[in-house]
$ cat query_12.txt   # compact mmCIF, C-alpha atoms and all ligand atoms
# COMPACT_ATOMS: atom_id res chain seq x y z
CA MET A 1 -48.34 -43.03 38.87
CA SER A 2 -51.02 -43.95 41.41
CA LYS A 3 -51.69 -40.59 43.08
CA LYS A 4 -53.63 -37.87 41.22
CA PRO A 5 -51.74 -34.59 41.48
CA ASN A 6 -53.46 -31.39 42.63
CA SER A 7 -50.99 -28.99 41.11
CA MET A 8 -48.49 -28.86 38.27
CA ILE A 9 -45.58 -26.78 37.07
CA LEU A 10 -46.81 -24.47 34.30
CA GLY A 11 -43.58 -22.66 33.47
CA THR A 12 -40.05 -22.08 34.71
CA GLY A 13 -37.38 -19.40 34.42
CA ARG A 14 -33.88 -18.48 35.55
CA ALA A 15 -31.64 -15.45 35.91
CA VAL A 16 -27.94 -14.97 36.59
CA PRO A 17 -25.67 -11.96 37.03
CA LYS A 18 -23.36 -11.07 34.12
CA ARG A 19 -19.98 -11.65 35.75
CA VAL A 20 -18.37 -15.10 35.75
CA LEU A 21 -15.65 -16.04 38.25
CA THR A 22 -13.55 -19.06 37.25
CA ASN A 23 -11.43 -21.32 39.43
CA PHE A 24 -8.41 -19.68 37.78
CA ASP A 25 -9.62 -16.27 38.97
CA LEU A 26 -9.87 -17.72 42.49
CA GLU A 27 -6.30 -19.02 42.27
CA LYS A 28 -5.26 -15.34 42.22
CA MET A 29 -7.37 -14.51 45.29
CA VAL A 30 -6.72 -17.35 47.79
CA ASP A 31 -4.38 -20.31 48.25
CA THR A 32 -6.29 -22.75 46.03
CA THR A 33 -6.06 -24.46 42.65
CA ASP A 34 -8.44 -25.23 39.82
CA GLU A 35 -7.44 -28.87 40.27
CA TRP A 36 -8.43 -28.97 43.98
CA ILE A 37 -11.77 -27.24 43.41
CA LYS A 38 -12.68 -29.48 40.45
CA GLU A 39 -11.59 -32.68 42.16
CA ARG A 40 -13.24 -31.98 45.54
CA THR A 41 -16.44 -30.25 44.30
CA GLY A 42 -16.85 -30.49 40.51
CA ILE A 43 -17.16 -26.68 40.28
CA GLU A 44 -15.36 -24.88 37.41
CA ARG A 45 -16.99 -21.44 37.41
CA ARG A 46 -19.81 -19.49 39.05
CA TYR A 47 -21.80 -16.30 38.43
CA ILE A 48 -21.06 -13.38 40.74
CA ALA A 49 -23.27 -10.38 41.40
CA ASP A 50 -21.85 -6.89 40.99
CA GLU A 51 -22.64 -4.01 43.39
CA LYS A 52 -25.80 -3.05 41.50
CA ASP A 53 -27.36 -6.53 41.46
CA THR A 54 -29.96 -7.35 44.12
CA THR A 55 -31.53 -10.64 45.13
CA SER A 56 -34.99 -9.17 44.43
CA ALA A 57 -34.07 -8.10 40.88
CA LEU A 58 -32.58 -11.51 40.05
CA CYS A 59 -35.68 -13.20 41.47
CA ALA A 60 -38.01 -10.88 39.58
CA ASP A 61 -36.16 -11.67 36.32
CA ALA A 62 -36.47 -15.42 36.95
CA GLY A 63 -40.12 -14.99 37.99
CA ARG A 64 -40.93 -12.93 34.89
CA ALA A 65 -39.42 -15.64 32.66
CA ALA A 66 -41.46 -18.32 34.45
CA LEU A 67 -44.70 -16.32 34.10
CA GLN A 68 -43.97 -15.84 30.41
CA ALA A 69 -43.33 -19.56 29.94
CA ALA A 70 -46.60 -20.30 31.76
CA GLN A 71 -48.38 -17.56 29.77
CA LEU A 72 -49.80 -16.25 33.01
CA PRO A 73 -50.31 -12.53 33.66
CA ALA A 74 -48.75 -11.34 36.93
CA GLU A 75 -52.18 -10.24 38.28
CA LYS A 76 -53.25 -13.88 38.32
CA VAL A 77 -50.58 -14.86 40.86
CA ASP A 78 -52.15 -15.55 44.26
CA ALA A 79 -48.92 -16.06 46.17
CA ILE A 80 -45.19 -15.45 45.72
CA ILE A 81 -43.06 -17.76 47.84
CA LEU A 82 -39.38 -16.94 47.82
CA GLY A 83 -36.72 -19.26 49.21
CA THR A 84 -33.70 -17.17 50.19
CA VAL A 85 -31.22 -16.62 53.01
CA THR A 86 -29.69 -13.59 51.30
CA GLY A 87 -32.68 -11.31 50.92
CA ASP A 88 -32.32 -7.61 50.12
CA VAL A 89 -33.02 -6.66 53.76
CA THR A 90 -33.91 -8.47 57.01
CA PHE A 91 -37.47 -7.23 56.61
CA PRO A 92 -39.78 -6.79 54.81
CA ALA A 93 -39.71 -10.05 52.91
CA THR A 94 -37.76 -9.89 49.65
CA ALA A 95 -40.81 -11.54 48.05
CA CYS A 96 -42.63 -8.20 48.59
CA TYR A 97 -40.02 -6.35 46.50
CA VAL A 98 -40.39 -9.02 43.83
CA GLN A 99 -44.17 -8.59 43.93
CA GLU A 100 -43.78 -4.87 43.23
CA MET A 101 -41.28 -5.47 40.40
CA LEU A 102 -43.60 -7.99 38.73
CA GLY A 103 -46.80 -6.02 39.30
CA ALA A 104 -48.35 -9.08 40.94
CA GLU A 105 -50.74 -6.88 42.87
CA ASN A 106 -53.18 -9.61 43.91
CA ALA A 107 -50.61 -11.88 45.54
CA ALA A 108 -49.58 -12.55 49.10
CA ALA A 109 -45.77 -12.55 49.24
CA PHE A 110 -43.42 -14.11 51.77
CA ASP A 111 -39.94 -15.60 52.18
CA ILE A 112 -38.85 -19.02 53.37
CA ALA A 113 -35.46 -19.32 55.07
CA ALA A 114 -34.74 -22.98 54.47
CA ALA A 115 -31.34 -22.35 52.82
CA CYS A 116 -30.57 -24.79 49.98
CA THR A 117 -33.90 -26.59 50.54
CA GLY A 118 -35.84 -23.32 50.17
CA PHE A 119 -37.24 -24.07 46.73
CA LEU A 120 -38.55 -27.50 47.74
CA TYR A 121 -40.11 -26.03 50.89
CA GLY A 122 -41.78 -23.46 48.60
CA LEU A 123 -42.96 -26.13 46.17
CA MET A 124 -44.53 -28.02 49.04
CA MET A 125 -46.31 -24.85 50.24
CA ALA A 126 -47.52 -24.05 46.72
CA ASP A 127 -48.90 -27.56 46.21
CA SER A 128 -50.65 -27.41 49.61
CA LEU A 129 -52.18 -23.97 48.94
CA ILE A 130 -53.54 -25.17 45.62
CA ALA A 131 -54.75 -28.52 47.03
CA SER A 132 -56.62 -26.71 49.83
CA GLY A 133 -58.26 -24.28 47.40
CA LYS A 134 -56.55 -21.28 49.03
CA ALA A 135 -54.68 -20.36 45.83
CA GLN A 136 -54.81 -21.13 42.14
CA HIS A 137 -51.46 -19.90 40.92
CA VAL A 138 -48.32 -19.68 43.02
CA LEU A 139 -44.96 -18.34 41.89
CA VAL A 140 -42.19 -20.24 43.69
CA ILE A 141 -38.74 -18.70 43.47
CA GLY A 142 -35.33 -19.65 44.85
CA GLY A 143 -32.76 -16.87 44.68
CA GLU A 144 -29.52 -15.91 46.38
CA ILE A 145 -26.60 -13.52 46.33
CA LEU A 146 -24.42 -15.69 48.53
CA THR A 147 -21.24 -13.92 47.45
CA ARG A 148 -22.29 -10.92 49.59
CA ILE A 149 -21.99 -13.05 52.73
CA THR A 150 -18.85 -14.85 51.54
CA ASP A 151 -15.56 -14.41 53.38
CA TRP A 152 -13.19 -13.96 50.42
CA THR A 153 -10.20 -14.78 52.63
CA ASP A 154 -11.57 -18.23 53.59
CA ARG A 155 -10.57 -20.71 50.89
CA ALA A 156 -12.70 -23.44 52.50
CA THR A 157 -15.93 -21.59 51.62
CA CYS A 158 -15.25 -18.85 49.04
CA VAL A 159 -14.67 -21.32 46.19
CA LEU A 160 -18.06 -22.97 46.64
CA PHE A 161 -20.85 -20.47 46.11
CA GLY A 162 -22.46 -18.55 43.28
CA ASP A 163 -25.36 -16.13 42.70
CA ALA A 164 -28.54 -16.87 40.73
CA ALA A 165 -32.32 -17.22 40.82
CA GLY A 166 -34.74 -19.81 39.47
CA ALA A 167 -38.53 -19.84 39.45
CA ALA A 168 -41.56 -21.97 38.70
CA VAL A 169 -45.23 -21.12 38.27
CA VAL A 170 -47.39 -23.74 39.98
CA GLY A 171 -51.06 -24.00 39.02
CA PRO A 172 -53.92 -26.51 39.02
CA SER A 173 -53.07 -29.95 37.63
CA ASP A 174 -54.61 -31.17 34.38
CA GLY A 175 -55.31 -34.44 36.21
CA LYS A 176 -52.37 -36.35 34.72
CA ARG A 177 -49.25 -34.24 35.16
CA GLY A 178 -48.10 -32.55 38.31
CA ILE A 179 -46.60 -32.65 41.76
CA ILE A 180 -47.08 -36.22 42.95
CA ASP A 181 -45.62 -35.75 46.39
CA THR A 182 -43.31 -33.58 48.49
CA PHE A 183 -41.31 -34.29 51.64
CA ILE A 184 -39.59 -31.77 53.91
CA LYS A 185 -37.65 -32.19 57.13
CA SER A 186 -35.25 -30.33 59.40
CA ASP A 187 -32.95 -30.91 62.37
CA GLY A 188 -32.50 -27.82 64.54
CA ARG A 189 -29.80 -29.47 66.64
CA LEU A 190 -27.32 -28.84 63.83
CA THR A 191 -27.85 -25.13 63.13
CA HIS A 192 -24.24 -24.30 64.06
CA LEU A 193 -22.69 -26.36 61.25
CA LEU A 194 -23.87 -24.05 58.47
CA CYS A 195 -24.99 -20.52 59.26
CA MET A 196 -24.33 -16.80 59.27
CA PRO A 197 -24.00 -16.27 63.03
CA GLY A 198 -24.35 -12.47 63.18
CA GLY A 199 -26.59 -9.71 61.94
CA GLY A 200 -29.80 -10.83 63.61
CA THR A 201 -31.05 -9.97 67.09
CA LYS A 202 -28.70 -12.44 68.82
CA VAL A 203 -25.50 -10.82 67.58
CA PRO A 204 -26.46 -7.41 66.17
CA PRO A 205 -24.66 -6.12 63.06
CA ASP A 206 -22.22 -3.73 64.84
CA VAL A 207 -20.87 -6.53 67.06
CA ALA A 208 -21.08 -9.11 64.25
CA LEU A 209 -19.03 -6.98 61.85
CA ALA A 210 -16.14 -6.73 64.28
CA GLU A 211 -16.20 -10.49 64.95
CA LYS A 212 -16.45 -11.50 61.24
CA MET A 213 -19.84 -12.98 62.00
CA MET A 214 -21.58 -11.45 58.99
CA PHE A 215 -20.12 -14.16 56.76
CA LEU A 216 -21.38 -17.63 55.95
CA ARG A 217 -19.67 -20.25 58.11
CA MET A 218 -19.60 -23.94 57.33
CA GLU A 219 -18.03 -27.03 58.84
CA GLY A 220 -17.59 -28.52 55.37
CA ARG A 221 -16.64 -32.06 56.31
CA GLU A 222 -19.51 -32.44 58.80
CA VAL A 223 -22.04 -30.90 56.43
CA PHE A 224 -20.84 -33.25 53.69
CA LYS A 225 -21.53 -36.33 55.84
CA TYR A 226 -25.05 -35.23 56.77
CA ALA A 227 -25.81 -34.11 53.21
CA VAL A 228 -24.97 -37.52 51.76
CA THR A 229 -27.15 -39.35 54.29
CA ALA A 230 -30.09 -36.92 54.29
CA MET A 231 -30.30 -36.56 50.50
CA GLY A 232 -30.22 -40.33 50.09
CA ASP A 233 -32.87 -40.73 52.81
CA ALA A 234 -35.13 -38.07 51.30
CA ALA A 235 -34.90 -39.68 47.86
CA GLU A 236 -35.56 -43.20 49.16
CA HIS A 237 -38.37 -42.04 51.44
CA ILE A 238 -40.46 -40.33 48.77
CA LEU A 239 -39.96 -43.18 46.29
CA ALA A 240 -40.97 -45.84 48.84
CA LYS A 241 -43.98 -43.80 49.99
CA ASN A 242 -45.23 -43.72 46.41
CA ASN A 243 -44.41 -47.37 45.68
CA LEU A 244 -41.71 -46.40 43.22
CA THR A 245 -38.05 -47.28 42.75
CA GLY A 246 -35.15 -45.58 41.01
CA ASP A 247 -36.20 -47.43 37.83
CA ASP A 248 -39.35 -45.29 37.67
CA VAL A 249 -37.34 -42.05 37.70
CA ASP A 250 -36.47 -40.48 34.35
CA LEU A 251 -34.43 -37.61 35.77
CA LEU A 252 -32.95 -36.89 39.17
CA ILE A 253 -32.40 -33.21 39.95
CA PRO A 254 -30.24 -33.04 43.07
CA HIS A 255 -29.17 -29.85 44.83
CA GLN A 256 -25.93 -28.81 43.15
CA ALA A 257 -23.42 -28.37 45.98
CA ASN A 258 -20.77 -30.97 45.32
CA MET A 259 -20.31 -33.59 42.59
CA ARG A 260 -19.39 -36.18 45.20
CA ILE A 261 -22.72 -35.66 47.04
CA ILE A 262 -24.58 -35.85 43.71
CA ASN A 263 -22.82 -39.15 42.87
CA ALA A 264 -23.65 -40.62 46.29
CA THR A 265 -27.34 -39.63 45.99
CA ALA A 266 -27.63 -41.15 42.51
CA LYS A 267 -25.96 -44.35 43.72
CA ARG A 268 -28.30 -44.61 46.72
CA VAL A 269 -31.39 -44.75 44.45
CA GLY A 270 -29.61 -46.82 41.81
CA LEU A 271 -29.61 -44.22 39.05
CA PRO A 272 -26.88 -44.00 36.38
CA LEU A 273 -25.39 -40.51 35.90
CA GLU A 274 -27.13 -40.23 32.48
CA LYS A 275 -30.35 -39.88 34.48
CA VAL A 276 -28.99 -37.14 36.71
CA TYR A 277 -29.03 -33.44 35.85
CA ILE A 278 -25.67 -31.87 36.67
CA ASN A 279 -24.69 -28.22 36.27
CA VAL A 280 -22.62 -27.66 39.42
CA GLN A 281 -19.60 -27.05 37.15
CA ASP A 282 -21.20 -23.88 35.74
CA TYR A 283 -22.93 -22.37 38.78
CA GLY A 284 -21.28 -23.62 41.97
CA ASN A 285 -23.64 -23.88 44.93
CA THR A 286 -26.47 -21.37 44.45
CA SER A 287 -28.46 -22.62 47.47
CA ALA A 288 -32.24 -22.18 46.94
CA ALA A 289 -31.72 -21.30 43.26
CA SER A 290 -29.99 -24.57 42.45
CA ILE A 291 -32.99 -26.86 41.82
CA PRO A 292 -35.24 -24.45 39.87
CA ILE A 293 -32.28 -23.47 37.66
CA ALA A 294 -31.49 -27.12 36.94
CA MET A 295 -35.17 -27.81 36.22
CA ASN A 296 -35.37 -24.85 33.85
CA GLU A 297 -32.22 -25.93 32.00
CA ALA A 298 -33.37 -29.56 31.85
CA LEU A 299 -36.66 -28.51 30.24
CA GLU A 300 -34.87 -26.20 27.82
CA LYS A 301 -32.40 -28.90 26.77
CA GLY A 302 -35.07 -31.58 26.39
CA ARG A 303 -33.65 -33.59 29.29
CA LEU A 304 -37.13 -33.37 30.87
CA LYS A 305 -39.93 -34.27 28.50
CA SER A 306 -43.68 -34.61 28.76
CA GLY A 307 -44.50 -37.75 30.74
CA ASP A 308 -41.14 -37.87 32.53
CA CYS A 309 -41.00 -38.60 36.25
CA CYS A 310 -38.58 -36.24 37.98
CA LEU A 311 -37.17 -36.68 41.47
CA MET A 312 -35.78 -33.56 43.15
CA VAL A 313 -33.69 -33.71 46.33
CA ALA A 314 -32.03 -30.99 48.41
CA PHE A 315 -30.14 -30.41 51.65
CA GLY A 316 -29.03 -27.21 53.39
CA GLY A 317 -28.48 -25.10 56.48
CA GLY A 318 -30.81 -25.68 59.40
CA PHE A 319 -30.26 -28.50 58.67
CA THR A 320 -33.13 -28.76 56.24
CA TRP A 321 -33.70 -31.36 53.56
CA GLY A 322 -36.46 -32.57 51.31
CA SER A 323 -37.59 -34.14 48.08
CA ALA A 324 -40.30 -33.80 45.46
CA LEU A 325 -41.71 -36.12 42.81
CA VAL A 326 -43.06 -34.37 39.74
CA GLN A 327 -44.67 -35.87 36.67
CA PHE A 328 -44.00 -33.58 33.68
O1 LIG B 401 -25.41 -26.58 50.13
C1 LIG B 401 -25.64 -27.51 51.13
C2 LIG B 401 -24.60 -27.63 52.09
N1 LIG B 401 -23.25 -27.61 51.62
C3 LIG B 401 -22.63 -28.73 51.19
O2 LIG B 401 -23.25 -29.72 50.91
C4 LIG B 401 -21.14 -28.74 51.18
C5 LIG B 401 -20.62 -29.93 51.92
N2 LIG B 401 -19.20 -30.03 52.02
C6 LIG B 401 -18.37 -30.17 50.97
O3 LIG B 401 -18.78 -30.15 49.85
C7 LIG B 401 -16.89 -30.45 51.24
O4 LIG B 401 -16.72 -30.78 52.59
C8 LIG B 401 -15.96 -29.27 50.87
C9 LIG B 401 -15.93 -29.12 49.35
C10 LIG B 401 -16.44 -27.99 51.50
C11 LIG B 401 -14.55 -29.57 51.34
O5 LIG B 401 -14.08 -30.79 50.80
P1 LIG B 401 -13.40 -31.87 51.75
O6 LIG B 401 -12.96 -32.96 50.90
O7 LIG B 401 -14.39 -32.18 52.83
O8 LIG B 401 -12.14 -31.08 52.27
P2 LIG B 401 -11.72 -30.80 53.76
O9 LIG B 401 -12.51 -29.68 54.32
O10 LIG B 401 -11.68 -32.08 54.51
O11 LIG B 401 -10.23 -30.30 53.52
C12 LIG B 401 -9.21 -31.16 52.97
C13 LIG B 401 -7.98 -30.35 52.79
C14 LIG B 401 -7.58 -29.56 54.01
O12 LIG B 401 -6.17 -29.57 54.12
P3 LIG B 401 -5.44 -30.53 55.18
O13 LIG B 401 -6.01 -30.14 56.51
O14 LIG B 401 -5.85 -31.93 54.78
O15 LIG B 401 -4.02 -30.22 54.96
C15 LIG B 401 -8.04 -28.15 53.69
O16 LIG B 401 -7.31 -27.16 54.34
O17 LIG B 401 -8.15 -29.40 51.72
C16 LIG B 401 -7.79 -28.11 52.20
N3 LIG B 401 -8.64 -27.13 51.52
C17 LIG B 401 -8.30 -26.58 50.34
N4 LIG B 401 -7.23 -26.72 49.55
C18 LIG B 401 -7.17 -26.02 48.41
C19 LIG B 401 -9.85 -26.65 51.89
N5 LIG B 401 -10.30 -25.79 50.98
C20 LIG B 401 -9.35 -25.72 50.02
C21 LIG B 401 -9.26 -25.01 48.80
N6 LIG B 401 -8.17 -25.18 48.03
N7 LIG B 401 -10.23 -24.15 48.38

$ encode --input "query_12.txt" --output "structure tokens"
Amino acid sequence: MSKKPNSMILGTGRAVPKRVLTNFDLEKMVDTTDEWIKERTGIERRYIADEKDTTSALCADAGRAALQAAQLPAEKVDAIILGTVTGDVTFPATACYVQEMLGAENAAAFDIAAACTGFLYGLMMADSLIASGKAQHVLVIGGEILTRITDWTDRATCVLFGDAAGAAVVGPSDGKRGIIDTFIKSDGRLTHLLCMPGGGTKVPPDVALAEKMMFLRMEGREVFKYAVTAMGDAAEHILAKNNLTGDDVDLLIPHQANMRIINATAKRVGLPLEKVYINVQDYGNTSAASIPIAMNEALEKGRLKSGDCCLMVAFGGGFTWGSALVQF
């Protein structure tokens, strides 16, 4: 690897709610089948929050696990960056609630609303803060309770999403391992294809409730097309920029939205599925939580080992997309 990294991942963690909802459970709720969901998405089950679960508590649990893995006391965290579009409240930032729960009293805390790309946006910010000397340790979290903004009568969306949080502690590189590069991008002309249209200042909650605008809306087929292109582009771009090819990648961690998008991304960079981390069957689409959860599982299962080059790629509402190259 030619470029010397400034920062590296020191520890990761994940958290999920207790309840599991299977495709068979969904068959009893809407006009769908396990067969359709598996064939069109690869999803078999997903975790679902109960009334007491909050995004902040899930994120704090994932963050605590990451701090423990990194052996870093919470007071040493300089910034908490939380990727979420389903925060506890519109403001203050959910990252501030997480800060309080962790006792990370010396940190600055803020949210990033980059949907499914939220974790990679956060990773980029963390790397930049450390490279510029503005922070030493940054806790990057991706966490969502998407099922709270799910329309449970819409079979086109309600079968897709799940709730979870994943986190990573980013700190100074040891000179060999670390974040080699990050790439983020967005296209604000396509906001309407994946959004929650109400509840903000444009359509306030009272109006939005009546119009069913407090739910996630997605033009699935359109989003699918853009996701395939953008994730392939983001993967190719970061490899080319660093004079690498798919052969140099030991593990691809793609955003887990749909098995068909994962297959297309792997094919675009010439990677066999053995070199791709896949857990969409167990979690569904957990938006910003998807990549840190996959990374945490991959480390736990030995799928990511010391010296491995990992390529991460994501795409989401905005549209936003991005990639990261990390040497473990
Ligand atoms: O997280 C980042 C952004 N999100 C994504 O990346 C998701 C991108 N999109 C997708 O993954 C896919 O477009 C979906 C999984 C959402 C949908 O798959 P599709 O193959 O694009 O299906 P479709 O929307 O074209 O629908 C095909 C058919 C339709 O029936 P007709 O019109 O052909 O008779 C739908 O009504 O499947 C029907 N359908 C369902 N059938 C059974 C849609 N949802 C369901 C369902 N169960 N849950």

$ atom_distance --input "query_12.txt" --atom1 "CA of Pro73 (chain A)" --atom2 "CA of Ala107 (chain A)"
11.9 Å

$ closest_atom_pairs --input "query_12.txt" --of "chain A" --to "ligand LIG 401 (chain B)" --cutoff "6 Å" --atoms "all atoms listed in the file" --output "tab-separated table"
residue	atom	partner	partner_atom	distance
A:Thr32	CA	B:LIG401	N6	3.7
A:Thr33	CA	B:LIG401	N6	5.8
A:Trp36	CA	B:LIG401	C18	5.5
A:Arg40	CA	B:LIG401	O6	5.5
A:Thr41	CA	B:LIG401	C9	5.2
A:Cys116	CA	B:LIG401	O1	5.5
A:Arg155	CA	B:LIG401	N7	4.3
A:Ala156	CA	B:LIG401	N5	3.7
A:Val159	CA	B:LIG401	N7	5.7
A:Gly220	CA	B:LIG401	O4	3.7
A:Arg221	CA	B:LIG401	O4	3.9
A:Val223	CA	B:LIG401	C5	4.8
A:Phe224	CA	B:LIG401	C5	3.8
A:Ala227	CA	B:LIG401	O2	5.6
A:Ala257	CA	B:LIG401	O1	4.9
A:Asn258	CA	B:LIG401	O3	5.0
A:Ser287	CA	B:LIG401	O1	5.7
A:Phe315	CA	B:LIG401	C1	5.4
A:Gly316	CA	B:LIG401	C1	4.1

$ axis_aligned_box --input "query_12.txt" --around "region 63-68 of chain A" --padding-each-side "4 Å" --output "lines of an AutoDock Vina configuration file"
center_x = -42.1
center_y = -15.6
center_z = 34.2
size_x = 13.3
size_y = 13.4
size_z = 15.6

$ closest_residue --input "query_12.txt" --among "A:Thr117, A:Thr22, A:Thr84, A:Gln99" --to "Gly322 (chain A)" --atoms "all atoms listed in the file"
A:Thr117

$ residues_around --input "query_12.txt" --residues "region 275-286 of chain A" --least-positions-apart "6" --cutoff "6 Å" --atoms "only C-alpha atoms" --output "JSON, numbers by chain"
{"A": [42, 43, 44, 45, 46, 160, 161, 162, 163, 251, 252, 253, 256, 257]}

$ closest_residue --input "query_12.txt" --among "A:Lys28, A:His137, A:Arg177, A:Arg19" --to "Lys4 (chain A)" --atoms "all atoms listed in the file"
A:Arg177

$ atom_distance --input "query_12.txt" --atom1 "CA of Glu274 (chain A)" --atom2 "CA of Gly13 (chain A)"
23.3 Å

$ closest_residue --input "query_12.txt" --among "A:Ile184, A:Ala165, A:Val203, A:Ala57" --to "Ile293 (chain A)" --atoms "only C-alpha atoms"
A:Ala165

$ atom_distance --input "query_12.txt" --atom1 "CA of Asp308 (chain A)" --atom2 "CA of Ala164 (chain A)"
25.8 Å

$ residues_near_point --input "query_12.txt" --point "(-22.1, -15.7, 46.4)" --cutoff "7 Å" --atoms "only C-alpha atoms" --output "MDAnalysis selection string"
chainID A and resid 48 145:150 161:163

$ closest_residue --input "query_12.txt" --among "A:Phe183, A:Phe215, A:Phe24, A:Phe119" --to "Leu239 (chain A)" --atoms "all atoms listed in the file"
A:Phe183

$ closest_residue --input "query_12.txt" --among "A:Leu194, A:Ala264, A:Ala114, A:Cys309" --to "Lys176 (chain A)" --atoms "only C-alpha atoms"
A:Cys309

$ closest_residue --input "query_12.txt" --among "A:Trp152, A:Phe328, A:Tyr47, A:Phe319" --to "Asp187 (chain A)" --atoms "only C-alpha atoms"
A:Phe319

$ residues_around --input "query_12.txt" --residues "Leu72 (chain A)" --least-positions-apart "3" --cutoff "10 Å" --atoms "only C-alpha atoms" --output "PyMOL selection string"
chain A and resi 10-11+64+66-69+75-77+137+169+171

$ decode --input "query_12.txt" --residues "region 78-84 of chain A" --atoms "all heavy atoms" --output "tab-separated table (two decimals), in the first residue's frame"
chain	number	residue	atom	x	y	z
A	78	ASP	N	-12.63	12.32	21.54
A	78	ASP	CA	-12.68	13.74	21.20
A	78	ASP	C	-13.92	14.10	20.39
A	78	ASP	O	-14.33	15.26	20.36
A	78	ASP	CB	-11.43	14.14	20.39
A	78	ASP	CG	-10.16	13.87	21.18
A	78	ASP	OD1	-10.09	14.31	22.33
A	78	ASP	OD2	-9.26	13.17	20.65
A	79	ALA	N	-14.45	13.13	19.67
A	79	ALA	CA	-15.66	13.41	18.88
A	79	ALA	C	-16.48	12.14	18.73
A	79	ALA	O	-15.93	11.04	18.60
A	79	ALA	CB	-15.29	13.95	17.49
A	80	ILE	N	-17.81	12.32	18.77
A	80	ILE	CA	-18.73	11.21	18.46
A	80	ILE	C	-19.49	11.63	17.21
A	80	ILE	O	-20.17	12.67	17.20
A	80	ILE	CB	-19.73	10.96	19.62
A	80	ILE	CG1	-18.98	10.56	20.90
A	80	ILE	CG2	-20.74	9.88	19.22
A	80	ILE	CD1	-19.87	10.46	22.13
A	81	ILE	N	-19.33	10.85	16.16
A	81	ILE	CA	-20.02	11.15	14.90
A	81	ILE	C	-21.02	10.02	14.65
A	81	ILE	O	-20.64	8.86	14.55
A	81	ILE	CB	-19.02	11.23	13.73
A	81	ILE	CG1	-17.90	12.25	14.05
A	81	ILE	CG2	-19.74	11.63	12.44
A	81	ILE	CD1	-16.83	12.35	12.98
A	82	LEU	N	-22.28	10.40	14.57
A	82	LEU	CA	-23.33	9.38	14.46
A	82	LEU	C	-24.08	9.52	13.14
A	82	LEU	O	-24.74	10.54	12.88
A	82	LEU	CB	-24.30	9.51	15.65
A	82	LEU	CG	-25.60	8.71	15.60
A	82	LEU	CD1	-25.34	7.23	15.37
A	82	LEU	CD2	-26.36	8.89	16.90
A	83	GLY	N	-23.99	8.50	12.31
A	83	GLY	CA	-24.76	8.45	11.08
A	83	GLY	C	-26.13	7.87	11.39
A	83	GLY	O	-26.23	6.73	11.82
A	84	THR	N	-27.18	8.67	11.19
A	84	THR	CA	-28.54	8.18	11.41
A	84	THR	C	-29.54	9.06	10.70
A	84	THR	O	-29.31	10.27	10.55
A	84	THR	CB	-28.89	8.09	12.92
A	84	THR	OG1	-30.14	7.42	13.08
A	84	THR	CG2	-28.97	9.46	13.58
